[in-house]
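J.: See coords-v8.cif below, with mmCIF, C-alpha atoms.
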data_input
#
loop_
_atom_site.group_PDB
_atom_site.id
_atom_site.type_symbol
_atom_site.label_atom_id
_atom_site.label_comp_id
_atom_site.auth_asym_id
_atom_site.auth_seq_id
_atom_site.Cartn_x
_atom_site.Cartn_y
_atom_site.Cartn_z
ATOM 1 C CA MET A 52 0.000 0.000 0.000
ATOM 2 C CA THR A 53 1.467 3.359 -1.063
ATOM 3 C CA ALA A 54 1.838 6.008 1.638
ATOM 4 C CA ARG A 55 -0.262 9.101 0.932
ATOM 5 C CA ILE A 56 1.133 12.496 1.934
ATOM 6 C CA GLY A 57 -1.086 15.554 1.742
ATOM 7 C CA VAL A 58 0.194 18.949 0.609
ATOM 8 C CA VAL A 59 -1.974 21.914 1.584
ATOM 9 C CA THR A 60 -2.434 24.783 -0.861
ATOM 10 C CA PHE A 61 -3.280 28.157 0.660
ATOM 11 C CA PRO A 62 -3.850 31.377 -1.330
ATOM 12 C CA GLY A 63 -0.258 32.462 -1.953
ATOM 13 C CA SER A 64 1.393 29.032 -1.671
ATOM 14 C CA LEU A 65 4.346 28.868 -4.062
ATOM 15 C CA ASP A 66 6.015 25.536 -3.446
ATOM 16 C CA ASP A 67 3.108 23.121 -3.241
ATOM 17 C CA ARG A 68 3.811 21.570 -6.659
ATOM 18 C CA ASP A 69 7.542 21.283 -5.885
ATOM 19 C CA THR A 70 6.670 19.519 -2.640
ATOM 20 C CA GLN A 71 4.339 17.131 -4.422
ATOM 21 C CA ARG A 72 7.148 16.300 -6.847
ATOM 22 C CA ALA A 73 9.583 15.632 -3.996
ATOM 23 C CA ILE A 74 7.065 13.285 -2.370
ATOM 24 C CA ARG A 75 6.612 11.436 -5.643
ATOM 25 C CA LEU A 76 10.369 11.100 -6.120
ATOM 26 C CA ALA A 77 10.642 9.576 -2.644
ATOM 27 C CA GLY A 78 8.126 6.901 -3.603
ATOM 28 C CA ALA A 79 4.966 8.137 -1.881
ATOM 29 C CA GLU A 80 1.721 9.447 -3.350
ATOM 30 C CA PRO A 81 1.188 13.221 -3.049
ATOM 31 C CA VAL A 82 -2.389 14.296 -2.308
ATOM 32 C CA ALA A 83 -3.476 17.870 -2.986
ATOM 33 C CA LEU A 84 -5.380 19.427 -0.059
ATOM 34 C CA TRP A 85 -7.281 22.721 -0.291
ATOM 35 C CA HIS A 86 -7.211 25.254 2.545
ATOM 36 C CA LYS A 87 -11.016 25.577 2.688
ATOM 37 C CA ASP A 88 -11.607 21.869 3.197
ATOM 38 C CA LYS A 89 -11.515 20.222 6.601
ATOM 39 C CA ASP A 90 -11.231 16.776 5.011
ATOM 40 C CA LEU A 91 -7.637 15.512 4.878
ATOM 41 C CA LYS A 92 -8.661 12.675 2.530
ATOM 42 C CA GLN A 93 -7.279 10.013 4.869
ATOM 43 C CA VAL A 94 -3.647 10.953 4.222
ATOM 44 C CA ASP A 95 -0.883 9.459 6.324
ATOM 45 C CA ALA A 96 1.046 12.723 6.765
ATOM 46 C CA VAL A 97 0.738 16.408 5.838
ATOM 47 C CA VAL A 98 3.150 19.014 4.502
ATOM 48 C CA LEU A 99 2.488 22.749 4.800
ATOM 49 C CA PRO A 100 4.553 24.194 1.925
ATOM 50 C CA GLY A 101 6.389 27.458 1.448
ATOM 51 C CA GLY A 102 4.998 30.649 0.001
ATOM 52 C CA PHE A 103 3.203 33.733 1.231
ATOM 53 C CA SER A 104 -0.152 32.440 2.446
ATOM 54 C CA TYR A 105 -2.818 35.156 2.381
ATOM 55 C CA GLY A 106 -0.078 37.566 1.326
ATOM 56 C CA ASP A 107 1.468 37.391 4.809
ATOM 57 C CA TYR A 108 -1.090 39.967 5.922
ATOM 58 C CA LEU A 109 -1.040 40.720 9.662
ATOM 59 C CA ARG A 110 2.085 38.556 9.932
ATOM 60 C CA ALA A 111 3.345 35.447 8.195
ATOM 61 C CA GLY A 112 1.059 32.464 8.799
ATOM 62 C CA ALA A 113 -1.354 34.334 11.062
ATOM 63 C CA ILE A 114 -4.395 34.022 8.804
ATOM 64 C CA SER A 115 -3.655 30.526 7.491
ATOM 65 C CA ARG A 116 -3.648 29.270 11.049
ATOM 66 C CA PHE A 117 -7.446 29.810 11.010
ATOM 67 C CA SER A 118 -8.102 28.111 7.656
ATOM 68 C CA PRO A 119 -10.649 25.262 7.885
ATOM 69 C CA VAL A 120 -8.001 22.699 6.950
ATOM 70 C CA MET A 121 -5.851 23.744 9.898
ATOM 71 C CA GLU A 122 -8.594 22.860 12.367
ATOM 72 C CA THR A 123 -8.218 19.252 11.274
ATOM 73 C CA VAL A 124 -4.417 19.406 10.952
ATOM 74 C CA ILE A 125 -4.072 20.727 14.504
ATOM 75 C CA GLU A 126 -6.411 18.091 15.913
ATOM 76 C CA GLN A 127 -4.724 15.202 14.110
ATOM 77 C CA ALA A 128 -1.175 16.462 14.728
ATOM 78 C CA LYS A 129 -1.896 16.405 18.443
ATOM 79 C CA ALA A 130 -3.042 12.804 17.964
ATOM 80 C CA GLY A 131 0.208 11.844 16.227
ATOM 81 C CA LEU A 132 -0.224 12.688 12.528
ATOM 82 C CA PRO A 133 3.196 13.559 11.036
ATOM 83 C CA VAL A 134 3.262 17.191 9.878
ATOM 84 C CA LEU A 135 6.102 19.056 8.172
ATOM 85 C CA GLY A 136 6.086 22.844 7.807
ATOM 86 C CA ILE A 137 8.503 24.366 5.297
ATOM 87 C CA CYS A 138 9.237 28.119 5.453
ATOM 88 C CA ASN A 139 5.732 29.630 5.442
ATOM 89 C CA GLY A 140 4.528 26.266 6.696
ATOM 90 C CA PHE A 141 6.912 26.603 9.656
ATOM 91 C CA GLN A 142 5.462 30.041 10.331
ATOM 92 C CA ILE A 143 1.946 28.571 10.274
ATOM 93 C CA LEU A 144 2.945 25.826 12.727
ATOM 94 C CA THR A 145 4.229 28.394 15.219
ATOM 95 C CA GLU A 146 1.070 30.473 14.813
ATOM 96 C CA ALA A 147 -0.982 27.321 15.426
ATOM 97 C CA HIS A 148 1.120 26.577 18.550
ATOM 98 C CA LEU A 149 2.049 23.164 17.223
ATOM 99 C CA LEU A 150 5.653 24.347 17.519
ATOM 100 C CA PRO A 151 7.091 26.840 20.030
ATOM 101 C CA GLY A 152 8.541 30.257 19.239
ATOM 102 C CA THR A 153 7.689 32.641 16.434
ATOM 103 C CA MET A 154 9.135 34.084 13.243
ATOM 104 C CA LEU A 155 10.106 37.740 12.820
ATOM 105 C CA ARG A 156 11.408 39.802 9.919
ATOM 106 C CA ASN A 157 15.046 38.983 9.088
ATOM 107 C CA ASN A 158 17.338 41.078 11.268
ATOM 108 C CA HIS A 159 18.832 42.768 8.196
ATOM 109 C CA LEU A 160 15.284 43.534 6.908
ATOM 110 C CA HIS A 161 15.962 42.089 3.446
ATOM 111 C CA PHE A 162 14.665 39.082 1.541
ATOM 112 C CA ILE A 163 17.359 36.418 1.312
ATOM 113 C CA CYS A 164 17.811 33.629 -1.232
ATOM 114 C CA ARG A 165 20.866 31.384 -0.948
ATOM 115 C CA ASP A 166 22.127 27.827 -0.648
ATOM 116 C CA GLN A 167 22.432 27.385 3.105
ATOM 117 C CA LYS A 168 24.628 24.996 5.032
ATOM 118 C CA LEU A 169 22.876 23.257 7.942
ATOM 119 C CA ARG A 170 23.760 20.752 10.625
ATOM 120 C CA VAL A 171 21.275 18.027 11.476
ATOM 121 C CA GLU A 172 20.822 18.146 15.248
ATOM 122 C CA ASN A 173 17.982 15.650 15.686
ATOM 123 C CA ALA A 174 17.751 12.563 13.468
ATOM 124 C CA ARG A 175 15.063 10.888 15.566
ATOM 125 C CA THR A 176 11.941 12.615 14.246
ATOM 126 C CA ALA A 177 9.457 11.241 11.729
ATOM 127 C CA TRP A 178 10.942 13.552 9.098
ATOM 128 C CA THR A 179 14.688 13.262 9.812
ATOM 129 C CA SER A 180 15.465 9.607 10.488
ATOM 130 C CA ASP A 181 17.291 9.142 7.166
ATOM 131 C CA TYR A 182 19.882 11.679 8.326
ATOM 132 C CA THR A 183 22.492 11.181 11.026
ATOM 133 C CA ALA A 184 22.977 13.552 13.951
ATOM 134 C CA GLY A 185 25.792 15.953 13.161
ATOM 135 C CA GLN A 186 25.453 15.520 9.394
ATOM 136 C CA GLU A 187 26.080 18.692 7.384
ATOM 137 C CA ILE A 188 23.783 19.371 4.439
ATOM 138 C CA HIS A 189 23.060 22.158 1.948
ATOM 139 C CA ILE A 190 19.454 23.281 1.478
ATOM 140 C CA PRO A 191 18.102 26.340 -0.410
ATOM 141 C CA LEU A 192 16.813 29.158 1.794
ATOM 142 C CA LYS A 193 14.463 31.963 0.699
ATOM 143 C CA ASN A 194 12.585 34.169 3.129
ATOM 144 C CA ILE A 195 12.083 37.610 4.591
ATOM 145 C CA ASP A 196 10.367 36.568 7.836
ATOM 146 C CA GLY A 197 12.841 33.875 8.814
ATOM 147 C CA GLN A 198 14.215 35.029 12.150
ATOM 148 C CA TYR A 199 13.299 32.360 14.710
ATOM 149 C CA VAL A 200 12.850 33.813 18.201
ATOM 150 C CA ALA A 201 11.668 32.457 21.535
ATOM 151 C CA ASP A 202 11.965 33.410 25.173
ATOM 152 C CA GLN A 203 14.943 32.085 27.115
ATOM 153 C CA HIS A 204 12.917 29.457 28.951
ATOM 154 C CA THR A 205 11.692 28.024 25.636
ATOM 155 C CA LEU A 206 15.174 28.103 24.112
ATOM 156 C CA ASP A 207 16.625 26.332 27.140
ATOM 157 C CA ALA A 208 13.931 23.653 26.889
ATOM 158 C CA LEU A 209 14.496 23.137 23.159
ATOM 159 C CA GLU A 210 18.227 22.752 23.683
ATOM 160 C CA SER A 211 18.044 20.495 26.727
ATOM 161 C CA GLU A 212 15.355 18.261 25.206
ATOM 162 C CA GLY A 213 17.119 17.909 21.853
ATOM 163 C CA ARG A 214 14.276 19.572 19.995
ATOM 164 C CA VAL A 215 16.418 21.791 17.795
ATOM 165 C CA ALA A 216 16.177 19.825 14.550
ATOM 166 C CA PHE A 217 18.521 21.888 12.358
ATOM 167 C CA ARG A 218 21.023 24.657 12.926
ATOM 168 C CA TYR A 219 22.558 27.170 10.514
ATOM 169 C CA LEU A 220 26.284 26.727 9.865
ATOM 170 C CA ASP A 221 28.930 29.197 8.668
ATOM 171 C CA VAL A 222 26.494 32.115 8.681
ATOM 172 C CA ASN A 223 23.271 32.946 10.484
ATOM 173 C CA PRO A 224 21.248 34.312 7.550
ATOM 174 C CA ASN A 225 18.417 35.962 9.468
ATOM 175 C CA GLY A 226 19.418 36.474 13.114
ATOM 176 C CA SER A 227 17.622 33.406 14.462
ATOM 177 C CA ASN A 228 18.190 32.677 18.152
ATOM 178 C CA ASN A 229 20.885 30.041 18.727
ATOM 179 C CA ASP A 230 21.303 29.703 14.921
ATOM 180 C CA ILE A 231 18.099 27.644 14.891
ATOM 181 C CA ALA A 232 16.891 26.656 11.419
ATOM 182 C CA GLY A 233 14.230 24.148 12.468
ATOM 183 C CA VAL A 234 12.583 22.604 15.525
ATOM 184 C CA THR A 235 10.424 19.636 16.453
ATOM 185 C CA ASN A 236 7.660 19.060 18.959
ATOM 186 C CA GLU A 237 8.139 16.741 21.925
ATOM 187 C CA ALA A 238 6.645 13.736 20.140
ATOM 188 C CA GLY A 239 8.787 14.200 17.032
ATOM 189 C CA ASN A 240 5.868 13.986 14.608
ATOM 190 C CA VAL A 241 5.742 17.753 13.900
ATOM 191 C CA VAL A 242 8.804 19.437 12.365
ATOM 192 C CA GLY A 243 9.251 22.932 10.982
ATOM 193 C CA LEU A 244 12.205 24.526 9.209
ATOM 194 C CA MET A 245 12.876 27.633 7.147
ATOM 195 C CA PRO A 246 15.059 26.160 4.340
ATOM 196 C CA HIS A 247 13.372 24.325 1.458
ATOM 197 C CA PRO A 248 14.262 20.614 1.200
ATOM 198 C CA GLU A 249 11.859 20.184 -1.739
ATOM 199 C CA HIS A 250 14.295 22.252 -3.817
ATOM 200 C CA ALA A 251 17.168 19.847 -3.140
ATOM 201 C CA VAL A 252 15.864 16.494 -4.336
ATOM 202 C CA GLU A 253 17.380 16.240 -7.832
ATOM 203 C CA SER A 254 21.000 16.667 -8.860
ATOM 204 C CA LEU A 255 20.177 18.710 -11.966
ATOM 205 C CA ILE A 256 18.327 21.539 -10.230
ATOM 206 C CA GLY A 257 18.556 23.661 -7.087
ATOM 207 C CA THR A 258 21.785 23.096 -5.185
ATOM 208 C CA GLY A 259 22.869 20.311 -7.539
ATOM 209 C CA ARG A 260 22.599 17.983 -4.550
ATOM 210 C CA THR A 261 19.872 15.753 -3.125
ATOM 211 C CA ASP A 262 20.331 16.725 0.522
ATOM 212 C CA GLY A 263 16.607 17.448 0.917
ATOM 213 C CA LEU A 264 15.317 14.074 -0.254
ATOM 214 C CA PRO A 265 15.825 12.316 3.118
ATOM 215 C CA PHE A 266 12.982 14.409 4.579
ATOM 216 C CA PHE A 267 10.601 12.588 2.288
ATOM 217 C CA THR A 268 12.226 9.155 2.436
ATOM 218 C CA SER A 269 12.293 9.428 6.249
ATOM 219 C CA ILE A 270 8.537 9.877 6.519
ATOM 220 C CA LEU A 271 7.938 7.159 3.931
ATOM 221 C CA LYS A 272 9.933 4.638 5.995
ATOM 222 C CA LYS A 273 8.189 5.808 9.162
ATOM 223 C CA LEU A 274 4.772 5.187 7.612
ATOM 224 C CA VAL A 275 5.702 1.865 6.036
ATOM 225 C CA ASN A 276 7.133 0.547 9.302
ATOM 226 C CA ALA A 277 4.339 1.906 11.491
#
As structure tokens, what does this structure read like?

T.:
Amino acid sequence: MTARIGVVTFPGSLDDRDTQRAIRLAGAEPVALWHKDKDLKQVDAVVLPGGFSYGDYLRAGAISRFSPVMETVIEQAKAGLPVLGICNGFQILTEAHLLPGTMLRNNHLHFICRDQKLRVENARTAWTSDYTAGQEIHIPLKNIDGQYVADQHTLDALESEGRVAFRYLDVNPNGSNNDIAGVTNEAGNVVGLMPHPEHAVESLIGTGRTDGLPFFTSILKKLVNA
């Protein structure tokens, strides 16, 4: 039985088709989900893709958090459904309080687009098990509201509990606290990160590497072995 992974499209989503392609390349079936529908079509996992949902009005992810589909995503994520938020999807997950912290405008106040070096800090989540802890990877990064911030108590908890999933290396591109590029919830089924793994799944495009593909093979193995 083929694993089915839903990809939500919000008004302003830009990377939903790229994410569907990455899922297909990993060997799973991508399922298009619409933001107005509460029905997740019995998918086994969900990805919230990058973009500028609702034009980032109010603040990034603030309106999408109240989309009908998110009511179901929040409920099922709390029950164990694997959910990955990429860039704008990460912002939505923080707004929905499925992940701690929040995202602010980059500290230099400019949009940034670059190939970013990361270190994998947690290879135990549903979305990172095909990596190894300490592995260094290159993933494209493109954002203007990418500065991850949290209060000191939250940062201390993330660090002590091993819930920092990825960390920026060589340069902190947006001023994120503790060089944090991505985090996970306590259960490890919900992961959010600012860089775009769906743009690093084929050697002929993007970074010229396939460093992002393990996100999608990790969840496939998790679902197959569940």

J.: Expand the PyMOL selection byres ((chain A and resi 142) around 9) into the individual residues it matches in the shown file, reporting them as a PyMOL selection string.

T.: chain A and resi 111-113+136-141+143-147+153-154+196-197+243-245

J.: Can you work out the spacing between CA of Arg75 in chain A and CA of Leu264 in chain A in Å, to one decimal?

T.: 10.6 Å

J.: One decimal, in Å: what's the spacing between CA of Val171 in chain A and CA of Leu99 in chain A?

T.: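 Computed distance, CA of Val171 in chain A to CA of Leu99 in chain A, equals 20.5 Å.
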
J.: Using all atoms listed in the file, determine which residues lie at most 7 Å from Gln167 in chain A, disregarding the query and same-chain residues fewer than 6 positions distant; provide the list as a PyMOL selection string.

T.: chain A and resi 189-192

J.: For a quick check of understanding, using only C-alpha atoms, which of A:Glu237, A:Asp262, A:Asp207, A:Asp66 has the smallest distance to Arg170 in chain A?

T.: A:Asp262

J.: With all atoms listed in the file as the basis for distance, which of A:Val120, A:Lys193, A:Thr183, A:Leu76 is at the shortest distance from Gly102 in chain A?

T.: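 Using all atoms listed in the file, the shortest distance to Gly102 in chain A belongs to A:Lys193.
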
J.: Give me, please, the distance in Å between CA of Asp230 in chain A and CA of Thr176 in chain A, quoted to one decimal.

T.: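 CA of Thr176 in chain A lies at a distance of 19.5 Å from CA of Asp230 in chain A.
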
J.: Here's the selection I'm unsure about, the PyMOL selection byres ((chain A and resi 74) around 9); applied to the file above, which residues does it give, as a list in words?

T.: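 This file, filtered by the PyMOL selection byres ((chain A and resi 74) around 9), leaves Ile56, Asp69, Thr70, Gln71, Arg72, Ala73, Arg75, Leu76, Ala77, Gly78, Ala79, Glu80, Pro81, Glu249, Leu264, Phe267, Thr268 and Leu271 of chain A.
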
J.: Residue by residue, what does the PyMOL selection byres ((chain A and resi 104) around 7) grab here? Present the result as an MDAnalysis selection string.

T.: chainID A and resid 61:64 102:103 105:107 112 115

J.: With only C-alpha atoms as the atoms that count, which of A:Leu220, A:Val94, A:Ile114, A:Val275 lies nearest to Gln127 in chain A?

T.: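 Checking each of A:Leu220, A:Val94, A:Ile114, A:Val275 against Gln127 in chain A, counting only C-alpha atoms, the winner is A:Val94.
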
J.: Centre and edge lengths of an axis-aligned box around all listed atoms of range 137-148 of chain A, with 3 Å added on each side, are to be given in Å to one decimal, as JSON.

T.:
{"center_x": 4.1, "center_y": 27.4, "center_z": 11.9, "size_x": 16.2, "size_y": 12.1, "size_z": 19.3}

J.: Which residue gives the smallest distance to Ala177 in chain A among A:Glu210, A:Asp95, A:Asp221, A:Glu122, with only C-alpha atoms counted?

T.: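 Closest to Ala177 in chain A, using only C-alpha atoms: A:Asp95.
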
J.: Of the residues A:Leu169, A:Val59, A:Ile231, A:Val134, which is the one nearest to Ala184 in chain A, using only C-alpha atoms?

T.: A:Leu169

J.: Measuring between all atoms listed in the file, which one of A:Val98, A:Leu274, A:Val222, A:Leu135 shows the shortest distance to Arg165 in chain A?

T.: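 That would be A:Val222, the residue with the smallest distance to Arg165 in chain A.
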
J.: Skipping near chain neighbours, those fewer than 6 positions away, what residues fall within 7 Å of Asp67 in chain A using all atoms listed in the file, listed as a count of residues only?

T.: 3

J.: Excluding Leu149 in chain A and any residue of its chain fewer than 5 positions from it, enumerate the residues within 9 Å of it, using all atoms listed in the file, and give them as a list in words.

T.: Ile125, Ala128, Lys129, Ile143, Leu144, Asn236 and Val241 of chain A

J.: Find the residues around Thr205 in chain A up to 10 Å (only C-alpha atoms counted), leave out those fewer than 5 positions away in its own chain, and share them as a PyMOL selection string.

T.: chain A and resi 151-152+200+210-211
